[in-house]
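**Q** A single structure is presented below for examination.
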Amino acid sequence: MRIDVVTLFPDFMRQCAAVGVVGRAQQRELLQVETWNPRDFATDNYRTVDGRTCGGGPGMVMLIEPLRAALRAVREAAPEPVHVIYLSPQGARLTQDRVVSLAKMPRIALLCGRYEGVDERLLAHEVDEELSIGDYVLSGGELGAAVVIDAVGRLQDGALNDAQSAQQDSFSDGLLDCPHYTKPVHDALGDVPAVLLSGDHAAIRRWRLKQSLGRTWLRRPDLLARRKLDAESAVLLEEFRRDYLR
Ligand SMILES: COc1ccccc1CNc1ccc(C(N)=O)cn1
């Protein structure tokens with residue numbers, strides 16, 4: 001998969017994509033991240049990329065032309081069609097379901113706004129999808145782009161080793177993750193739950209599912225409301241509720 005990022009801070013974005021699982025995915029050529037700086041496409045001597053807000057008011061708006069030229073260069077850089085995403089507080093909320101679908105695309109481009117955002121005409125003509133990573137305002141879209149790169153990059157085939165992808169499966173079914181433990185088995189803070197040391201993998205799977213269901217019920221009931229539970233999950237959640245309310 002190829003991801004092109006249009007950003008005034010290319011070094012920052014390259015560093016975000018160079019570490020950990022995503023960095024390794026790039027080394028393994030499972031993922032390619034390229035950056036494009038609109039300032040390199042500005043036509044005036046001062047390399048201007050922003051303009052005063054029409055109608056008055058505080059702040060500046062990113063100019064159409066440098067962004068249009070940068071996106072043209074993005075499209076011409078490789079043959080596959082590009083799905084252009086704009087990160088903004090006005091976008092649809094990013095979810096794991098959307099991450100999974102984005103991860104299957106051959107190419108996406110991430111447009112990072114700064115200042116008060118981008119001229120609406122550029123968005124109307126060049127952007128396919130507007131996404132928000134949460135209901136808060138940042139100084140730029142780059143952190144949102146970094147979130148998309150990480151969430152999508154780790155899903156590329158071969159990016160995660162078996163243990164990690166097993167963990168990935170447990171979460172991606174729309175439940176919160178279960179608790180995790182490592183050595184020491186006994187600590188001043190408490191003991192590792194005995195079932196995890198039992199070697200009974202069926203019991204361990206059931207315990208983890210029960211914990212995921214219970215945590216989702218306690219912390220994110222909205223996720224649970226959206227989900228049809230199979231018979232086993234319904235029984236385990238009932239057990240968790242009974243234990244909790246005892
Ligand atoms: C005032 O900033 C803007 C105003 C308009 C568009 C983009 C920006 C850049 N900032 C962003 C970007 C994304 C998110 C998010 N929630 O995904 C938060 N802030």
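All residue names refer to the structure tokens as shown: chains lettered A, B, ... in order, residues numbered from 1 in each chain, ligands numbered from 1 in order.
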Just want the 9 Å neighbourhood of Gln96 (chain A), counted on only C-alpha atoms, with same-chain residues fewer than 2 positions away dropped. Output as a PyMOL selection string.
**A** chain A and resi 94+98-101+151+172+174
**Q** Go through chain A and flag each residue having an atom no more than 12 Å from ligand 1; for those, report the closest pair of atoms plus their distance in Å to one decimal, using only C-alpha atoms and all ligand atoms, ordered by chain and rising number, as JSON lines.
**A**
{"residue": "A:Thr7", "atom": "CA", "partner": "ligand 1", "partner_atom_place_in_ligand_line": "9 (C)", "distance": 10.9}
{"residue": "A:Leu8", "atom": "CA", "partner": "ligand 1", "partner_atom_place_in_ligand_line": "9 (C)", "distance": 11.6}
{"residue": "A:Pro58", "atom": "CA", "partner": "ligand 1", "partner_atom_place_in_ligand_line": "1 (C)", "distance": 11.4}
{"residue": "A:Gly59", "atom": "CA", "partner": "ligand 1", "partner_atom_place_in_ligand_line": "1 (C)", "distance": 9.3}
{"residue": "A:Met60", "atom": "CA", "partner": "ligand 1", "partner_atom_place_in_ligand_line": "1 (C)", "distance": 10.1}
{"residue": "A:Val61", "atom": "CA", "partner": "ligand 1", "partner_atom_place_in_ligand_line": "5 (C)", "distance": 9.0}
{"residue": "A:Met62", "atom": "CA", "partner": "ligand 1", "partner_atom_place_in_ligand_line": "6 (C)", "distance": 9.7}
{"residue": "A:Ile85", "atom": "CA", "partner": "ligand 1", "partner_atom_place_in_ligand_line": "13 (C)", "distance": 11.1}
{"residue": "A:Tyr86", "atom": "CA", "partner": "ligand 1", "partner_atom_place_in_ligand_line": "7 (C)", "distance": 7.9}
{"residue": "A:Leu87", "atom": "CA", "partner": "ligand 1", "partner_atom_place_in_ligand_line": "13 (C)", "distance": 4.6}
{"residue": "A:Ser88", "atom": "CA", "partner": "ligand 1", "partner_atom_place_in_ligand_line": "13 (C)", "distance": 3.4}
{"residue": "A:Pro89", "atom": "CA", "partner": "ligand 1", "partner_atom_place_in_ligand_line": "16 (N)", "distance": 4.0}
{"residue": "A:Gln90", "atom": "CA", "partner": "ligand 1", "partner_atom_place_in_ligand_line": "6 (C)", "distance": 7.1}
{"residue": "A:Gly91", "atom": "CA", "partner": "ligand 1", "partner_atom_place_in_ligand_line": "17 (O)", "distance": 7.1}
{"residue": "A:Ala92", "atom": "CA", "partner": "ligand 1", "partner_atom_place_in_ligand_line": "17 (O)", "distance": 8.9}
{"residue": "A:Arg93", "atom": "CA", "partner": "ligand 1", "partner_atom_place_in_ligand_line": "17 (O)", "distance": 7.9}
{"residue": "A:Leu94", "atom": "CA", "partner": "ligand 1", "partner_atom_place_in_ligand_line": "17 (O)", "distance": 8.3}
{"residue": "A:Thr95", "atom": "CA", "partner": "ligand 1", "partner_atom_place_in_ligand_line": "17 (O)", "distance": 11.8}
{"residue": "A:Leu110", "atom": "CA", "partner": "ligand 1", "partner_atom_place_in_ligand_line": "13 (C)", "distance": 11.1}
{"residue": "A:Leu111", "atom": "CA", "partner": "ligand 1", "partner_atom_place_in_ligand_line": "7 (C)", "distance": 9.2}
{"residue": "A:Cys112", "atom": "CA", "partner": "ligand 1", "partner_atom_place_in_ligand_line": "9 (C)", "distance": 6.8}
{"residue": "A:Gly113", "atom": "CA", "partner": "ligand 1", "partner_atom_place_in_ligand_line": "7 (C)", "distance": 4.5}
{"residue": "A:Arg114", "atom": "CA", "partner": "ligand 1", "partner_atom_place_in_ligand_line": "9 (C)", "distance": 4.9}
{"residue": "A:Tyr115", "atom": "CA", "partner": "ligand 1", "partner_atom_place_in_ligand_line": "1 (C)", "distance": 5.8}
{"residue": "A:Glu116", "atom": "CA", "partner": "ligand 1", "partner_atom_place_in_ligand_line": "4 (C)", "distance": 4.6}
{"residue": "A:Gly117", "atom": "CA", "partner": "ligand 1", "partner_atom_place_in_ligand_line": "5 (C)", "distance": 3.8}
{"residue": "A:Val118", "atom": "CA", "partner": "ligand 1", "partner_atom_place_in_ligand_line": "6 (C)", "distance": 6.6}
{"residue": "A:Asp119", "atom": "CA", "partner": "ligand 1", "partner_atom_place_in_ligand_line": "6 (C)", "distance": 9.8}
{"residue": "A:Glu120", "atom": "CA", "partner": "ligand 1", "partner_atom_place_in_ligand_line": "6 (C)", "distance": 10.2}
{"residue": "A:Leu123", "atom": "CA", "partner": "ligand 1", "partner_atom_place_in_ligand_line": "6 (C)", "distance": 10.4}
{"residue": "A:Glu130", "atom": "CA", "partner": "ligand 1", "partner_atom_place_in_ligand_line": "17 (O)", "distance": 9.0}
{"residue": "A:Leu131", "atom": "CA", "partner": "ligand 1", "partner_atom_place_in_ligand_line": "17 (O)", "distance": 6.3}
{"residue": "A:Ser132", "atom": "CA", "partner": "ligand 1", "partner_atom_place_in_ligand_line": "17 (O)", "distance": 3.4}
{"residue": "A:Ile133", "atom": "CA", "partner": "ligand 1", "partner_atom_place_in_ligand_line": "17 (O)", "distance": 3.9}
{"residue": "A:Gly134", "atom": "CA", "partner": "ligand 1", "partner_atom_place_in_ligand_line": "16 (N)", "distance": 4.5}
{"residue": "A:Asp135", "atom": "CA", "partner": "ligand 1", "partner_atom_place_in_ligand_line": "16 (N)", "distance": 5.3}
{"residue": "A:Tyr136", "atom": "CA", "partner": "ligand 1", "partner_atom_place_in_ligand_line": "16 (N)", "distance": 5.0}
{"residue": "A:Val137", "atom": "CA", "partner": "ligand 1", "partner_atom_place_in_ligand_line": "19 (N)", "distance": 3.9}
{"residue": "A:Leu138", "atom": "CA", "partner": "ligand 1", "partner_atom_place_in_ligand_line": "19 (N)", "distance": 3.6}
{"residue": "A:Ser139", "atom": "CA", "partner": "ligand 1", "partner_atom_place_in_ligand_line": "10 (N)", "distance": 4.9}
{"residue": "A:Gly140", "atom": "CA", "partner": "ligand 1", "partner_atom_place_in_ligand_line": "9 (C)", "distance": 3.5}
{"residue": "A:Gly141", "atom": "CA", "partner": "ligand 1", "partner_atom_place_in_ligand_line": "12 (C)", "distance": 3.7}
{"residue": "A:Glu142", "atom": "CA", "partner": "ligand 1", "partner_atom_place_in_ligand_line": "12 (C)", "distance": 7.3}
{"residue": "A:Leu143", "atom": "CA", "partner": "ligand 1", "partner_atom_place_in_ligand_line": "13 (C)", "distance": 7.6}
{"residue": "A:Gly144", "atom": "CA", "partner": "ligand 1", "partner_atom_place_in_ligand_line": "17 (O)", "distance": 5.2}
{"residue": "A:Ala145", "atom": "CA", "partner": "ligand 1", "partner_atom_place_in_ligand_line": "17 (O)", "distance": 8.4}
{"residue": "A:Ala146", "atom": "CA", "partner": "ligand 1", "partner_atom_place_in_ligand_line": "17 (O)", "distance": 10.5}
{"residue": "A:Val147", "atom": "CA", "partner": "ligand 1", "partner_atom_place_in_ligand_line": "17 (O)", "distance": 9.3}
{"residue": "A:Val148", "atom": "CA", "partner": "ligand 1", "partner_atom_place_in_ligand_line": "17 (O)", "distance": 10.0}
**Q** Just asking: which residues within region 26-83 of chain A are strand (DSSP E or B) according to DSSP, as a list of chain:residue names?
**A**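 Of region 26-83 of chain A, only A:Gln32, A:Val33, A:Glu34, A:Thr35, A:Trp36, A:Asp50, A:Gly51, A:Arg52, A:Met60, A:Val61, A:Met62, A:His83 fall in strand (DSSP E or B).
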**Q** Quick one, how far is CA of Pro106 (chain A) from CA of Met1 (chain A)?
**A**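 CA of Pro106 (chain A) sits 4.9 Å away from CA of Met1 (chain A).
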**Q** Taking only C-alpha atoms into account, which of A:Pro10, A:Gly153, A:Gly158, A:Pro81 comes nearest Gln32 (chain A)?
**A**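 When distances to Gln32 (chain A) are compared using only C-alpha atoms, the smallest one comes from A:Gly153.
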**Q** Calculated over only C-alpha atoms, which of the candidates A:Leu160, A:Leu213, A:Ile64, A:Cys16 has the smallest distance to Ser233 (chain A)?
**A**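 Using only C-alpha atoms, Ser233 (chain A) sits closest to A:Leu213.
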**Q** Among region 111-243 of chain A, which residues does DSSP mark as helix (DSSP H, G or I) when it is run on the backbone? Keep the chain and numbering as in the structure and answer as a ChimeraX atom specification.
**A** /A:120-126,142-153,162-172,194-197,201-219,221-225,231-243
**Q** Separation of CA of Pro66 (chain A) and CA of Gln15 (chain A), in Å?
**A**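 Separation of CA of Pro66 (chain A) and CA of Gln15 (chain A): 23.4 Å.
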**Q** Can you list, as JSON, numbers by chain, every protein, DNA or RNA residue that comes within 10 Å of Arg39 (chain A) when you count only C-alpha atoms, leaving out same-chain residues fewer than 4 positions away?
**A** {"A": [7, 8, 9, 43, 44, 46, 47, 48, 49, 50, 66, 67, 70]}
**Q** Point out the residue among A:Asp200, A:Glu34, A:Asp97, A:Asp191 with the least atom-to-atom distance to Val152 (chain A), counting only C-alpha atoms.
**A**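 Closest to Val152 (chain A) of all the choices is A:Asp97.
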**Q** From the list A:Leu176, A:Leu218, A:Ile3, A:Leu102, which residue is nearest Glu80 (chain A) when using only C-alpha atoms?
**A**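 Closest to Glu80 (chain A), using only C-alpha atoms: A:Ile3.
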**Q** Quick one: everything within 9 Å of Ala17 (chain A), counting only C-alpha atoms, minus sequence neighbours fewer than 6 positions away in the same chain. Send it as a list in words.
**A**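 In the requested format, the answer is Gly23, Gln26, Val33, Ala146, Ile149, Asp150 and Gly153 of chain A.
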**Q** Tell me which protein, DNA and RNA residues are within 10 Å of region 193-196 of chain A, counting only C-alpha atoms, leaving out same-chain ones fewer than 2 positions away, and put them as a ChimeraX atom specification.
**A** /A:180-182,185-186,190-191,198-201,203-208
